[in-house]
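**Q** The following block contains the structure, expressed as structure tokens.
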Amino acid sequence: MAKTLTQEFTKGLWAEIPPFRLVLGLCPILAVTKSVENAIGMGAAVVFVLVGSNVLVSLLRKIIPSKVRIACFIIVVATFVTVVELLMQAYTYPLFLKLGIFIPLIVVNCIPLGRAEAFAYKNGIIPSFADGLGLGIGYAMSLTALGAIREVFGSGTFYGNQVFGPSFQPFNFMIEAPGAFVCLGLMLCVMNFVGKKA
Amino acid sequence: MGDYVLLAISCVLINNILLMQYLGNCPFLGTSKKMETAVGMAMAVIFVLVLAGAITWLTEMFILKKFGLEYLRTMSFILVIAALVQFVEMFLKKSIPALYAGLGIFLPLITTNCAVLGVCLINIKEEYTFIECLVSSFSYSAGFGLALILFAGVRERILLARIPKPLQDTSIGLVTAGLLSLAFFAFKGMA
């Protein structure tokens, strides 16, 4: 039992790491990764929503009729997104302003909905919890990695601290929209390259 | 009138929803491998987004604002959109089967297209009037269609090229999207 639980957890960290292996939830990963701080904030929000919705869907899986399950999943996910939105507005207001529209958009980020359909609806509470946590952390890690690359090259800082000397010219391309696409594409290429060898 | 034209231009080109606002990227990469599917998706989005923009605006003004329920915005909008998509699907199937066949499977997929919910939320956030809301919904979705169709054209050509293995498919798609986005980036000078 313990072993399978660990498997459910770790598959999200590498084998099925969301934005790269599943190519879902791309919009926030492009939009909020201008800096590491934003990326971590967004990652934490996604982890919360994913774990919450997975556990709740798994709890309710015997009650939800399969014909209207998608609508029910959407309501569950939307509830948790609203909770996160209000919490962030109350406790981390500057971050809330920076992430802006992308917090409510977690609802239509396919990951929570996809996991509810593919995993939580068919499994018990504890595996669903592990699955949500693993994928959520995997997602947060990818966000942070992309955020780190873009922040270091785009503004010459890491988590707000200067990395390079004062003579560093920021590579503006990286923090603008085109840089996000190119950078994610190249990261995906590296992931494919490494994954093929292993 | 001039204001509406300006708003439309800024929504289509300067703040292009796909390439500048990063919304709706999953269908952007998913349906752009063939020109036909790209056109179908673009049409479906324009159709639904204009309706959804109008209805969510009315919901916000006459239900949420009136009863002080703004914190339920996310939840109510997504439900309204999901119901709308379902309704449109049933309506088209019954009365305009030709259009229904054309849009095909893209209609149900639109519920989880973040461009739709995103534009509805932007309309509220920018405090547009009803007409402005209609103009912005239409031009954002037209911008979506424009970028999607351009991208599909490029992607069809890429299929013929020899690309290193790790870069294939989504990876090269993203890099191409980056270059396209760079082209749209130039419109920022107009703002």
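We label chains A, B, ... in the order they appear in the structure tokens, count residues from 1 in each chain, and number ligands from 1 in the order shown.
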Among the residues of chain A, find those DSSP assigns to alpha helix (DSSP H) from the backbone and print them as an mmCIF file with C-alpha atoms, in the first residue's frame.

**A**
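In the end it all went to states-v4.cif:
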```cif
data_model
loop_
_atom_site.group_PDB
_atom_site.id
_atom_site.type_symbol
_atom_site.label_atom_id
_atom_site.label_comp_id
_atom_site.auth_asym_id
_atom_site.auth_seq_id
_atom_site.Cartn_x
_atom_site.Cartn_y
_atom_site.Cartn_z
ATOM 1 C CA ALA A 2 2.707 2.400 1.039
ATOM 2 C CA LYS A 3 4.593 1.693 -2.124
ATOM 3 C CA THR A 4 1.669 2.405 -4.436
ATOM 4 C CA LEU A 5 0.974 5.602 -2.555
ATOM 5 C CA THR A 6 4.511 6.759 -3.151
ATOM 6 C CA GLN A 7 4.074 5.850 -6.779
ATOM 7 C CA GLU A 8 0.914 7.920 -7.075
ATOM 8 C CA PHE A 9 2.811 10.782 -5.548
ATOM 9 C CA THR A 10 6.026 10.552 -7.530
ATOM 10 C CA LYS A 11 4.469 9.982 -10.945
ATOM 11 C CA LEU A 26 -0.283 25.980 -20.622
ATOM 12 C CA CYS A 27 -1.841 29.402 -20.224
ATOM 13 C CA PRO A 28 -0.824 30.110 -16.637
ATOM 14 C CA ILE A 29 2.588 28.593 -17.168
ATOM 15 C CA LEU A 30 3.246 31.117 -19.895
ATOM 16 C CA ALA A 31 1.606 34.052 -18.216
ATOM 17 C CA VAL A 36 10.018 33.138 -9.445
ATOM 18 C CA GLU A 37 7.778 34.766 -6.867
ATOM 19 C CA ASN A 38 4.720 34.758 -9.142
ATOM 20 C CA ALA A 39 5.446 31.210 -10.217
ATOM 21 C CA ILE A 40 5.611 29.922 -6.644
ATOM 22 C CA GLY A 41 2.415 31.749 -5.711
ATOM 23 C CA MET A 42 0.583 30.304 -8.669
ATOM 24 C CA GLY A 43 2.027 26.853 -7.985
ATOM 25 C CA ALA A 44 0.811 26.950 -4.393
ATOM 26 C CA ALA A 45 -2.672 27.967 -5.536
ATOM 27 C CA VAL A 46 -2.791 25.094 -8.015
ATOM 28 C CA VAL A 47 -1.581 22.579 -5.415
ATOM 29 C CA PHE A 48 -4.341 23.675 -3.056
ATOM 30 C CA VAL A 49 -7.063 23.491 -5.696
ATOM 31 C CA LEU A 50 -5.856 20.177 -7.062
ATOM 32 C CA VAL A 51 -5.604 18.470 -3.670
ATOM 33 C CA GLY A 52 -8.911 19.902 -2.513
ATOM 34 C CA SER A 53 -10.850 19.013 -5.621
ATOM 35 C CA ASN A 54 -9.308 15.543 -5.861
ATOM 36 C CA VAL A 55 -10.218 14.717 -2.264
ATOM 37 C CA LEU A 56 -13.731 16.104 -2.522
ATOM 38 C CA VAL A 57 -14.479 14.430 -5.844
ATOM 39 C CA SER A 58 -13.173 11.173 -4.472
ATOM 40 C CA LEU A 59 -15.375 11.552 -1.374
ATOM 41 C CA ARG A 69 -20.218 14.327 -13.553
ATOM 42 C CA ILE A 70 -18.384 16.963 -15.589
ATOM 43 C CA ALA A 71 -20.717 19.701 -14.385
ATOM 44 C CA CYS A 72 -20.267 18.499 -10.795
ATOM 45 C CA PHE A 73 -16.465 18.466 -11.179
ATOM 46 C CA ILE A 74 -16.545 22.011 -12.500
ATOM 47 C CA ILE A 75 -18.532 23.182 -9.488
ATOM 48 C CA VAL A 76 -16.157 21.456 -7.072
ATOM 49 C CA VAL A 77 -13.113 22.963 -8.782
ATOM 50 C CA ALA A 78 -14.740 26.392 -8.963
ATOM 51 C CA THR A 79 -15.484 26.254 -5.244
ATOM 52 C CA PHE A 80 -11.858 25.664 -4.370
ATOM 53 C CA VAL A 81 -10.715 28.321 -6.809
ATOM 54 C CA THR A 82 -13.034 30.814 -5.142
ATOM 55 C CA VAL A 83 -11.608 29.840 -1.748
ATOM 56 C CA VAL A 84 -8.051 30.396 -3.003
ATOM 57 C CA GLU A 85 -9.027 33.678 -4.609
ATOM 58 C CA LEU A 86 -10.517 35.037 -1.398
ATOM 59 C CA LEU A 87 -7.614 33.750 0.718
ATOM 60 C CA MET A 88 -5.036 35.355 -1.559
ATOM 61 C CA GLN A 89 -6.966 38.594 -1.617
ATOM 62 C CA ALA A 90 -6.952 38.612 2.180
ATOM 63 C CA TYR A 91 -3.399 37.531 2.975
ATOM 64 C CA TYR A 93 -2.738 41.085 -1.716
ATOM 65 C CA PRO A 94 0.287 42.209 -3.836
ATOM 66 C CA LEU A 95 0.602 38.702 -5.268
ATOM 67 C CA PHE A 96 -3.138 38.614 -5.880
ATOM 68 C CA LEU A 97 -2.828 41.784 -7.958
ATOM 69 C CA LYS A 98 0.089 40.416 -9.954
ATOM 70 C CA LEU A 99 -1.566 37.101 -10.788
ATOM 71 C CA CYS A 110 -7.506 21.490 -17.566
ATOM 72 C CA ILE A 111 -5.412 19.878 -14.833
ATOM 73 C CA PRO A 112 -7.821 19.804 -11.850
ATOM 74 C CA LEU A 113 -10.716 18.818 -14.094
ATOM 75 C CA GLY A 114 -8.636 16.215 -15.890
ATOM 76 C CA ARG A 115 -7.436 14.623 -12.660
ATOM 77 C CA ILE A 125 -9.485 9.376 -0.863
ATOM 78 C CA ILE A 126 -5.898 8.677 0.102
ATOM 79 C CA PRO A 127 -4.605 7.778 -3.374
ATOM 80 C CA SER A 128 -6.472 10.787 -4.762
ATOM 81 C CA PHE A 129 -4.816 12.990 -2.189
ATOM 82 C CA ALA A 130 -1.393 11.636 -3.148
ATOM 83 C CA ASP A 131 -2.162 12.039 -6.833
ATOM 84 C CA GLY A 132 -3.307 15.625 -6.399
ATOM 85 C CA LEU A 133 -0.345 16.529 -4.248
ATOM 86 C CA GLY A 134 2.168 14.924 -6.608
ATOM 87 C CA LEU A 135 0.807 16.490 -9.779
ATOM 88 C CA GLY A 136 0.323 19.810 -8.043
ATOM 89 C CA ILE A 137 3.907 19.883 -6.846
ATOM 90 C CA GLY A 138 5.107 18.760 -10.252
ATOM 91 C CA TYR A 139 3.196 21.617 -11.809
ATOM 92 C CA ALA A 140 4.548 24.081 -9.258
ATOM 93 C CA MET A 141 8.083 22.839 -9.952
ATOM 94 C CA SER A 142 7.735 23.375 -13.681
ATOM 95 C CA LEU A 143 6.318 26.840 -13.105
ATOM 96 C CA THR A 144 9.210 27.683 -10.815
ATOM 97 C CA ALA A 145 11.814 26.316 -13.205
ATOM 98 C CA LEU A 146 10.478 28.344 -16.110
ATOM 99 C CA GLY A 147 10.056 31.358 -13.849
ATOM 100 C CA ALA A 148 13.665 31.053 -12.708
ATOM 101 C CA ILE A 149 15.038 30.898 -16.251
ATOM 102 C CA ARG A 150 12.958 33.820 -17.429
ATOM 103 C CA GLU A 151 13.667 35.951 -14.379
ATOM 104 C CA VAL A 152 17.416 35.321 -14.360
ATOM 105 C CA PHE A 153 17.857 36.184 -18.021
ATOM 106 C CA GLY A 154 15.011 38.628 -18.424
ATOM 107 C CA SER A 155 15.606 40.875 -15.455
ATOM 108 C CA ALA A 177 5.302 37.026 -24.432
ATOM 109 C CA PRO A 178 7.525 35.720 -27.273
ATOM 110 C CA GLY A 179 10.226 34.683 -24.801
ATOM 111 C CA ALA A 180 7.702 32.667 -22.816
ATOM 112 C CA PHE A 181 6.727 30.586 -25.827
ATOM 113 C CA VAL A 182 10.264 30.022 -27.059
ATOM 114 C CA CYS A 183 11.592 29.231 -23.597
ATOM 115 C CA LEU A 184 8.829 26.696 -22.869
ATOM 116 C CA GLY A 185 9.366 25.112 -26.271
ATOM 117 C CA LEU A 186 13.071 24.696 -25.640
ATOM 118 C CA MET A 187 12.455 23.291 -22.155
ATOM 119 C CA LEU A 188 10.079 20.765 -23.660
ATOM 120 C CA CYS A 189 12.796 19.860 -26.153
ATOM 121 C CA VAL A 190 15.285 19.253 -23.340
ATOM 122 C CA MET A 191 12.724 17.166 -21.447
ATOM 123 C CA ASN A 192 12.100 15.053 -24.550
ATOM 124 C CA PHE A 193 15.826 14.630 -25.097
ATOM 125 C CA VAL A 194 16.530 13.547 -21.528
ATOM 126 C CA GLY A 195 13.396 11.407 -21.358
ATOM 127 C CA LYS A 196 14.312 9.437 -24.490
ATOM 128 C CA LYS A 197 17.692 8.490 -23.105
#
```

**Q** Using only C-alpha atoms and a distance of at most 10 Å, pull out the residues of chain B that contact chain A, as a ChimeraX atom specification.

**A** /B:18-27,29-30,71-79,82-83,110-119,121-122,125,164-185

**Q** If you count only C-alpha atoms, which residues fall within 10 Å of Leu99 (chain B), apart from same-chain ones fewer than 4 positions away, as a list in words?

**A** Gly40, Met43, Ala44, Leu92, Lys93, Ser95, Leu103 and Gly104 of chain B

**Q** Generate a file of the selected residues that holds all heavy atoms, formatted as a PDB file, in the first residue's frame.

**A**
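File produced: result_7.pdb:
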```pdb
ATOM      1  N   GLY B  40     -12.525  25.629 -37.969  1.00  0.00           N
ATOM      2  CA  GLY B  40     -13.685  25.222 -37.182  1.00  0.00           C
ATOM      3  C   GLY B  40     -13.621  25.776 -35.774  1.00  0.00           C
ATOM      4  O   GLY B  40     -14.589  26.345 -35.264  1.00  0.00           O
ATOM      5  N   MET B  43     -14.186  29.612 -35.690  1.00  0.00           N
ATOM      6  CA  MET B  43     -15.601  29.963 -35.845  1.00  0.00           C
ATOM      7  C   MET B  43     -16.367  29.700 -34.556  1.00  0.00           C
ATOM      8  O   MET B  43     -17.155  30.523 -34.092  1.00  0.00           O
ATOM      9  CB  MET B  43     -16.233  29.117 -36.963  1.00  0.00           C
ATOM     10  CG  MET B  43     -15.762  29.492 -38.330  1.00  0.00           C
ATOM     11  SD  MET B  43     -15.898  31.240 -38.506  1.00  0.00           S
ATOM     12  CE  MET B  43     -15.457  31.495 -40.134  1.00  0.00           C
ATOM     13  N   ALA B  44     -16.137  28.520 -33.970  1.00  0.00           N
ATOM     14  CA  ALA B  44     -16.864  28.160 -32.758  1.00  0.00           C
ATOM     15  C   ALA B  44     -16.572  29.156 -31.641  1.00  0.00           C
ATOM     16  O   ALA B  44     -17.469  29.572 -30.914  1.00  0.00           O
ATOM     17  CB  ALA B  44     -16.492  26.742 -32.330  1.00  0.00           C
ATOM     18  N   LEU B  92     -28.295  24.315 -32.191  1.00  0.00           N
ATOM     19  CA  LEU B  92     -27.741  24.181 -33.542  1.00  0.00           C
ATOM     20  C   LEU B  92     -28.077  22.829 -34.145  1.00  0.00           C
ATOM     21  O   LEU B  92     -28.401  22.720 -35.328  1.00  0.00           O
ATOM     22  CB  LEU B  92     -26.226  24.359 -33.515  1.00  0.00           C
ATOM     23  CG  LEU B  92     -25.715  25.777 -33.301  1.00  0.00           C
ATOM     24  CD1 LEU B  92     -24.207  25.789 -33.358  1.00  0.00           C
ATOM     25  CD2 LEU B  92     -26.295  26.716 -34.333  1.00  0.00           C
ATOM     26  N   LYS B  93     -28.028  21.802 -33.314  1.00  0.00           N
ATOM     27  CA  LYS B  93     -28.293  20.448 -33.793  1.00  0.00           C
ATOM     28  C   LYS B  93     -29.693  20.372 -34.388  1.00  0.00           C
ATOM     29  O   LYS B  93     -29.920  19.764 -35.422  1.00  0.00           O
ATOM     30  CB  LYS B  93     -28.178  19.483 -32.618  1.00  0.00           C
ATOM     31  CG  LYS B  93     -27.798  18.075 -33.009  1.00  0.00           C
ATOM     32  CD  LYS B  93     -27.518  17.292 -31.746  1.00  0.00           C
ATOM     33  CE  LYS B  93     -27.141  15.873 -32.026  1.00  0.00           C
ATOM     34  NZ  LYS B  93     -26.869  15.182 -30.746  1.00  0.00           N
ATOM     35  N   SER B  95     -31.795  23.149 -35.259  1.00  0.00           N
ATOM     36  CA  SER B  95     -32.265  24.102 -36.264  1.00  0.00           C
ATOM     37  C   SER B  95     -31.275  24.401 -37.383  1.00  0.00           C
ATOM     38  O   SER B  95     -31.694  24.696 -38.487  1.00  0.00           O
ATOM     39  CB  SER B  95     -32.715  25.396 -35.594  1.00  0.00           C
ATOM     40  OG  SER B  95     -31.836  25.722 -34.567  1.00  0.00           O
ATOM     41  N   LEU B 103     -19.080  22.922 -36.933  1.00  0.00           N
ATOM     42  CA  LEU B 103     -18.367  23.190 -35.680  1.00  0.00           C
ATOM     43  C   LEU B 103     -17.972  21.892 -34.979  1.00  0.00           C
ATOM     44  O   LEU B 103     -16.967  21.840 -34.279  1.00  0.00           O
ATOM     45  CB  LEU B 103     -19.234  24.039 -34.748  1.00  0.00           C
ATOM     46  CG  LEU B 103     -19.617  25.416 -35.285  1.00  0.00           C
ATOM     47  CD1 LEU B 103     -20.472  26.157 -34.270  1.00  0.00           C
ATOM     48  CD2 LEU B 103     -18.395  26.246 -35.602  1.00  0.00           C
ATOM     49  N   GLY B 104     -18.828  20.867 -35.163  1.00  0.00           N
ATOM     50  CA  GLY B 104     -18.495  19.535 -34.695  1.00  0.00           C
ATOM     51  C   GLY B 104     -18.092  19.463 -33.236  1.00  0.00           C
ATOM     52  O   GLY B 104     -18.756  20.010 -32.369  1.00  0.00           O
TER      53      GLY B 104
END
```

**Q** Neighbours of Leu58 (chain B) within 12 Å (only C-alpha atoms; same-chain residues fewer than 3 positions away dropped), as an MDAnalysis selection string?

**A** chainID B and resid 51:55 61:66 76:77 80 120 123:124 128:131 133:134

**Q** Point out the residue among B:Leu84, B:Leu49, B:Met190, B:Glu89 with the least atom-to-atom distance to Gly102 (chain B), counting only C-alpha atoms.

**A**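 When distances to Gly102 (chain B) are compared using only C-alpha atoms, the smallest one comes from B:Glu89.
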
**Q** If I take CA of Met41 (chain B) and CA of Arg155 (chain B), how far is one from the other in Å, to one decimal?

**A**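 For CA of Met41 (chain B) relative to CA of Arg155 (chain B), the distance reads 15.6 Å.
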
**Q** Rounded to one decimal in Å, what is the spacing between CA of Pro108 (chain B) and CA of Ile17 (chain B)?

**A**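 Separation between CA of Pro108 (chain B) and CA of Ile17 (chain B): 20.3 Å.
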
**Q** Can you check which residues of chain A DSSP gives as strand (DSSP E) on the backbone and send them as a tab-separated table (two decimals) with N, CA, C and O atoms, in the first residue's frame?

**A**
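The result, written out as result00.tsv:
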```
chain	number	residue	atom	x	y	z
A	157	THR	N	17.60	38.95	-12.12
A	157	THR	CA	17.41	38.75	-10.68
A	157	THR	C	16.92	37.34	-10.43
A	157	THR	O	16.45	36.66	-11.35
A	158	PHE	N	17.02	36.90	-9.18
A	158	PHE	CA	16.41	35.63	-8.80
A	158	PHE	C	15.67	35.85	-7.49
A	158	PHE	O	16.27	36.24	-6.49
A	161	ASN	N	16.52	39.08	-5.99
A	161	ASN	CA	17.90	39.43	-5.67
A	161	ASN	C	18.73	39.51	-6.95
A	161	ASN	O	18.57	38.67	-7.84
A	162	GLN	N	19.64	40.47	-7.01
A	162	GLN	CA	20.51	40.60	-8.17
A	162	GLN	C	21.39	39.36	-8.31
A	162	GLN	O	21.92	38.87	-7.32
```
